[in-house]
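Trainee: My structure is below; once you've seen it, I'll send some questions.
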Amino acid sequence: MTTAPAATSTARTARQVWTRARGLLLVAALVLLAAAVMALLRADSQYGSLDPRSANPDGSRATAKLLKQRGVTVRVATTLDQALADSGPGSSLLVTTPDLLTDRQQRRLRAGLDSTGGRLLLLSAGPSATGTLAPGVRTDATAPVTTLRPSCALPAAKRAGPVDLGGRLYTTEATGSVLCYPSDGAAASLARVDSPASGETVLLGSGDLLRNEHLDAEGNASLALQLLGSRTHLTWYLPSLDDPTAVGERADDGSDSFLELIPSGWLWGTLQLALAAALAALWRARRLGPLVSERLPAVVHASETTEGLARLYRKTDARDRAAAVLREATRARLAPLVGVAPRRAHDPGVLLSAVSERLPSTRLEPAALLFGPTPADDTALILLADQLDALEREVRTS
C-alpha cells in the first residue's frame with residue numbers, strides 16, 4: 001500500500017506574519033507617539049517665534065502690548081496681500097522672516113511700499129532679501145547676539161543706548177543711510193536707508209530684542225518701541241509657505257520658470273523625503289541575509305516541463321513558436337562550436353558563413369534549417385527537430 005505524501009502549505013503562519021510586521025508596527029507606534037507628544041507640547045503655544053500674539057519666551061506679545069499702550073495700532077498679517085492692504089503712507093510694515101519670501105513676493109512688496117511711502121522694517125534679512133527689499137545694502141557676515149553700543153547719530157539708537165544685537169551684519173554706501181551698532185569693527189547690526197516716496201527701510205540683524213524674554217534687558221524695549229512705534233499704524237507681517245502668493249501666480253509675460261514658482265521650503269521638504277526613503281531602504285536592506293535552501297512544495301522534472309510545453313504548443317497549433325524555439329536554441333549551441341560570439345549567434349550572415357566553413361559538404365541545408373520558414377504541419381515540425389539535431393551532431397563531430 002502506497003501512502004500519499006503530506007501536502008506542503010506555502011501560506012505564512014501567524015508567527016511568521018508577526019515576525020515580519022512587528023518592525024513596521026513599532027515604527028508606526030513611535031511615529032504616533034511622537035506626534036501625540038508634539039501635539040501636547042504645542043497645545044498651549046499655537047503661535048510661532050516673534051508672533052505678537054504669543055506669550056511664550058520667543059514670542060513678541062509684550063512688545064505688541066507696549067506699542068498699543070503708546071497708541072500704535074498693531075495688526076497681524078499672514079499673507080502678502082494682507083500686508084500690502086494694511087500698509088500706507090502713515091504706517092510701518094515689519095517683516096519677521098524676509099528670507100522666506102520668494103523673489104516675486106519681494107518685488108511686489110518693494111513696489112507697493114515705494115508707491116505709498118510706507119516704512120519697512122526687516123529682521124535678519126539675508127542676501128536673498130536685501131538685494132530687492134533694501135537695494136544698496138550688503139550682508140555677507142554674521143555675528144553672535146551680544147550687548148552692543150550704537151556709535152551712530154540715529155536718535156532712536158542714541159536714546160536706547162546699549163542693546164542686544166548681532167546676527168546679520170550690514171554695510172552700505174547708499175545716500176541717506178545710517179549704520180548703527182557696529183560689530184567686528186566694521187559691519188553694523190542696524191541699518192537705515194532712505195527709499196522713494198519719503199519712505200525708509202530699517203534692517204535689524206536680529207529680532208532677539210523683540211522677544212518677550214529679552215525685552216526688559218539693556219535698552220531693548222526703548223529701541224523696539226522707537227523703531228516700531230514711529231508711526232501710528234504697524235503691520236506685523238509673518239511670512240509663511242501657506243501664503244497663496246508663495247506658490248506664485250505666473251507673471252503676465254510668462255517669464256517665471258516652474259522652479260521659480262516653487263517655494264524654497266518645498267525643496268527642503270523634498271530633500272528630507274528623499275533622505276527618509278534612503279534610510280528606509282537601508283533599514284530594509286540590512287535585514288537581507290545570505291540565500292538559504294528551501295524545500296520545494298513539489299518537484300517537476302525537466303522532461304515533464306518539456307512535455308507540458310509541447311502539448312500546449314500542439315493544442316494551440318503554435319508550430320511557428322515551437323519551430324522558433326528549436327531554431328533559437330540550436331543557433332545558441334552552434335555559435336560557440338563554430339567560433340561565433342553569442343551576441344552574433346542569430347545573425348544569418350555570420351552564423352551560416354561559419355557553419356559552411358565547418359561543414360563544406362553536407363546533405364543538410366543549414367540556411368533552411370536555422371532560418372527557414374515555419375513548418376506546414378506537425379510532421380514537418382518533427383522532421384525539422386530531427387534535422388536540427390543531425391546538423392548539431394555533424395558540427396560537433398567535424
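Going by the C-alpha cells order, chains are called A, B, ..., each with residues numbered from 1, while ligands are numbered from 1 in the order shown.
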Skipping near chain neighbours, those fewer than 5 positions away, what residues fall within 6 Å of Arg168 (chain A) using only C-alpha atoms, listed as a PyMOL selection string?

Mentor: chain A and resi 124+142+205

Trainee: Could those selected residues go to a file with N, CA and C atoms, as a PDB file, in the first residue's frame?

Mentor:
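File written: selection_14.pdb
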```
ATOM      1  N   SER A 124      16.664  90.212  10.395  1.00  0.00           N
ATOM      2  CA  SER A 124      17.596  89.156   9.963  1.00  0.00           C
ATOM      3  C   SER A 124      17.533  88.925   8.459  1.00  0.00           C
ATOM      4  N   THR A 142      27.939  87.265   9.674  1.00  0.00           N
ATOM      5  CA  THR A 142      27.076  87.207  10.851  1.00  0.00           C
ATOM      6  C   THR A 142      27.926  87.299  12.107  1.00  0.00           C
ATOM      7  N   GLY A 205      19.737  93.228  12.418  1.00  0.00           N
ATOM      8  CA  GLY A 205      20.439  91.973  12.193  1.00  0.00           C
ATOM      9  C   GLY A 205      19.839  90.800  12.933  1.00  0.00           C
TER      10      GLY A 205
END
```

Trainee: Neighbours of Arg327 (chain A) within 9 Å (only C-alpha atoms; same-chain residues fewer than 5 positions away dropped), as a list in words?

Mentor: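 Selected residues are Ala322, Ala332, Leu369, Leu370, Phe371, Leu384, Ala385 and Leu388 of chain A.
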
Trainee: Any chance you could export the current selection's N, CA and C atoms as a tab-separated table (two decimals), in the first residue's frame?

Mentor:
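Result file out-v2.tsv:
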```tsv
chain	number	residue	atom	x	y	z
A	322	ALA	N	6.97	26.96	-31.72
A	322	ALA	CA	7.79	25.79	-31.42
A	322	ALA	C	9.02	25.73	-32.31
A	332	ALA	N	22.06	28.98	-30.65
A	332	ALA	CA	22.83	29.34	-29.46
A	332	ALA	C	23.87	28.28	-29.13
A	369	LEU	N	17.34	25.16	-42.37
A	369	LEU	CA	17.09	24.63	-41.04
A	369	LEU	C	17.13	25.71	-39.97
A	370	LEU	N	18.15	26.57	-40.01
A	370	LEU	CA	18.34	27.56	-38.94
A	370	LEU	C	17.51	28.81	-39.11
A	371	PHE	N	17.21	29.22	-40.33
A	371	PHE	CA	16.48	30.48	-40.56
A	371	PHE	C	15.36	30.30	-41.58
A	384	LEU	N	11.90	18.81	-38.79
A	384	LEU	CA	12.80	19.93	-38.52
A	384	LEU	C	13.62	19.66	-37.27
A	385	ALA	N	12.99	19.18	-36.20
A	385	ALA	CA	13.70	18.89	-34.96
A	385	ALA	C	14.78	17.84	-35.17
A	388	LEU	N	17.68	19.36	-37.17
A	388	LEU	CA	18.48	20.27	-36.35
A	388	LEU	C	19.42	19.47	-35.45
```

Trainee: Using DSSP on the backbone coordinates, identify all residues within region 219-251 of chain A classified as strand (DSSP E or B); present the result as a PyMOL selection string.

Mentor: chain A and resi 233-237

Trainee: Name the residues of region 145-261 of chain A that come out as alpha helix (DSSP H) in a backbone DSSP run; write them as a list of chain:residue names.

Mentor: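 Reading the DSSP output for region 145-261 of chain A, alpha helix (DSSP H) covers A:Pro155, A:Ala156, A:Ala157, A:Lys158, A:Arg159, A:Ala160, A:Asn220, A:Ala221, A:Ser222, A:Leu223, A:Ala224, A:Leu225, A:Gln226, A:Leu227, A:Leu228, A:Pro244, A:Thr245, A:Ala246, A:Val247.
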
Trainee: Could you name the residues that touch region 303-314 of chain A at 12 Å or less, counting only C-alpha atoms, but leaving out those on the same chain fewer than 4 positions away, as a PDB file with C-alpha atoms, in the first residue's frame?

Mentor:
```
ATOM      1  CA  VAL A 299       9.408  18.604  -7.777  1.00  0.00           C
ATOM      2  CA  ALA A 318       1.716  27.091 -32.319  1.00  0.00           C
ATOM      3  CA  ARG A 319       4.108  25.415 -34.759  1.00  0.00           C
ATOM      4  CA  ASP A 320       5.671  28.786 -35.534  1.00  0.00           C
ATOM      5  CA  ARG A 321       6.544  29.354 -31.881  1.00  0.00           C
ATOM      6  CA  ALA A 322       7.791  25.786 -31.416  1.00  0.00           C
ATOM      7  CA  ALA A 323       9.967  25.986 -34.534  1.00  0.00           C
ATOM      8  CA  ALA A 324      11.361  29.363 -33.444  1.00  0.00           C
ATOM      9  CA  VAL A 325      12.302  27.950 -30.016  1.00  0.00           C
ATOM     10  CA  LEU A 326      14.022  24.921 -31.571  1.00  0.00           C
ATOM     11  CA  ASP A 377       2.268  20.616 -40.219  1.00  0.00           C
ATOM     12  CA  ASP A 378       3.307  18.569 -37.225  1.00  0.00           C
ATOM     13  CA  THR A 379       5.158  16.040 -39.381  1.00  0.00           C
ATOM     14  CA  LEU A 381       7.936  20.161 -37.355  1.00  0.00           C
ATOM     15  CA  ILE A 382       9.169  16.745 -36.152  1.00  0.00           C
TER      16      ILE A 382
END
```

Trainee: List as a ChimeraX atom specification the protein and nucleic acid residues near region 99-111 of chain A, meaning an atom at most 6 Å away when only C-alpha atoms are counted, but skip any in the same chain fewer than 2 places from it.

Mentor: /A:97,113-114,129,133

Trainee: Export, as a PDB file, in the first residue's frame, the selected residues with C-alpha atoms.

Mentor:
```pdb
ATOM      1  CA  THR A  97      11.421  86.480   8.103  1.00  0.00           C
ATOM      2  CA  LEU A 113       5.915 100.359  -0.379  1.00  0.00           C
ATOM      3  CA  ASP A 114       7.702 102.578  -2.909  1.00  0.00           C
ATOM      4  CA  ALA A 129      16.196  89.573   0.605  1.00  0.00           C
ATOM      5  CA  LEU A 133      13.975  94.903  -0.422  1.00  0.00           C
TER       6      LEU A 133
END
```

Trainee: Which of these, A:Thr147, A:Asn212, A:Thr171, A:Thr330, has the shortest distance to Asp51 (chain A) once you count only C-alpha atoms?

Mentor: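 Among the listed residues, the smallest separation from Asp51 (chain A) belongs to A:Asn212.
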
Trainee: Taking 3 positions as the minimum chain separation for residues in the same chain, which residues sit within 8 Å of region 336-353 of chain A when counting only C-alpha atoms? Answer as number ranges by chain.

Mentor: A: 328, 331-333, 356-358, 366-367, 371, 395-396

Trainee: Provide the CA of Pro127 (chain A) to CA of Leu50 (chain A) distance in Å, to one decimal place.

Mentor: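 Going from CA of Pro127 (chain A) over to CA of Leu50 (chain A) covers 21.0 Å.
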
Trainee: Could you tell me which of A:Ser222, A:Thr245, A:Ser189, A:Ser361 comes closest to Ser206 (chain A) if we count only C-alpha atoms?

Mentor: A:Ser189

Trainee: Find, counting only C-alpha atoms, the residue in A:Ala280, A:Leu296, A:Pro375, A:Leu165 that gets nearest to Val27 (chain A).

Mentor: A:Ala280
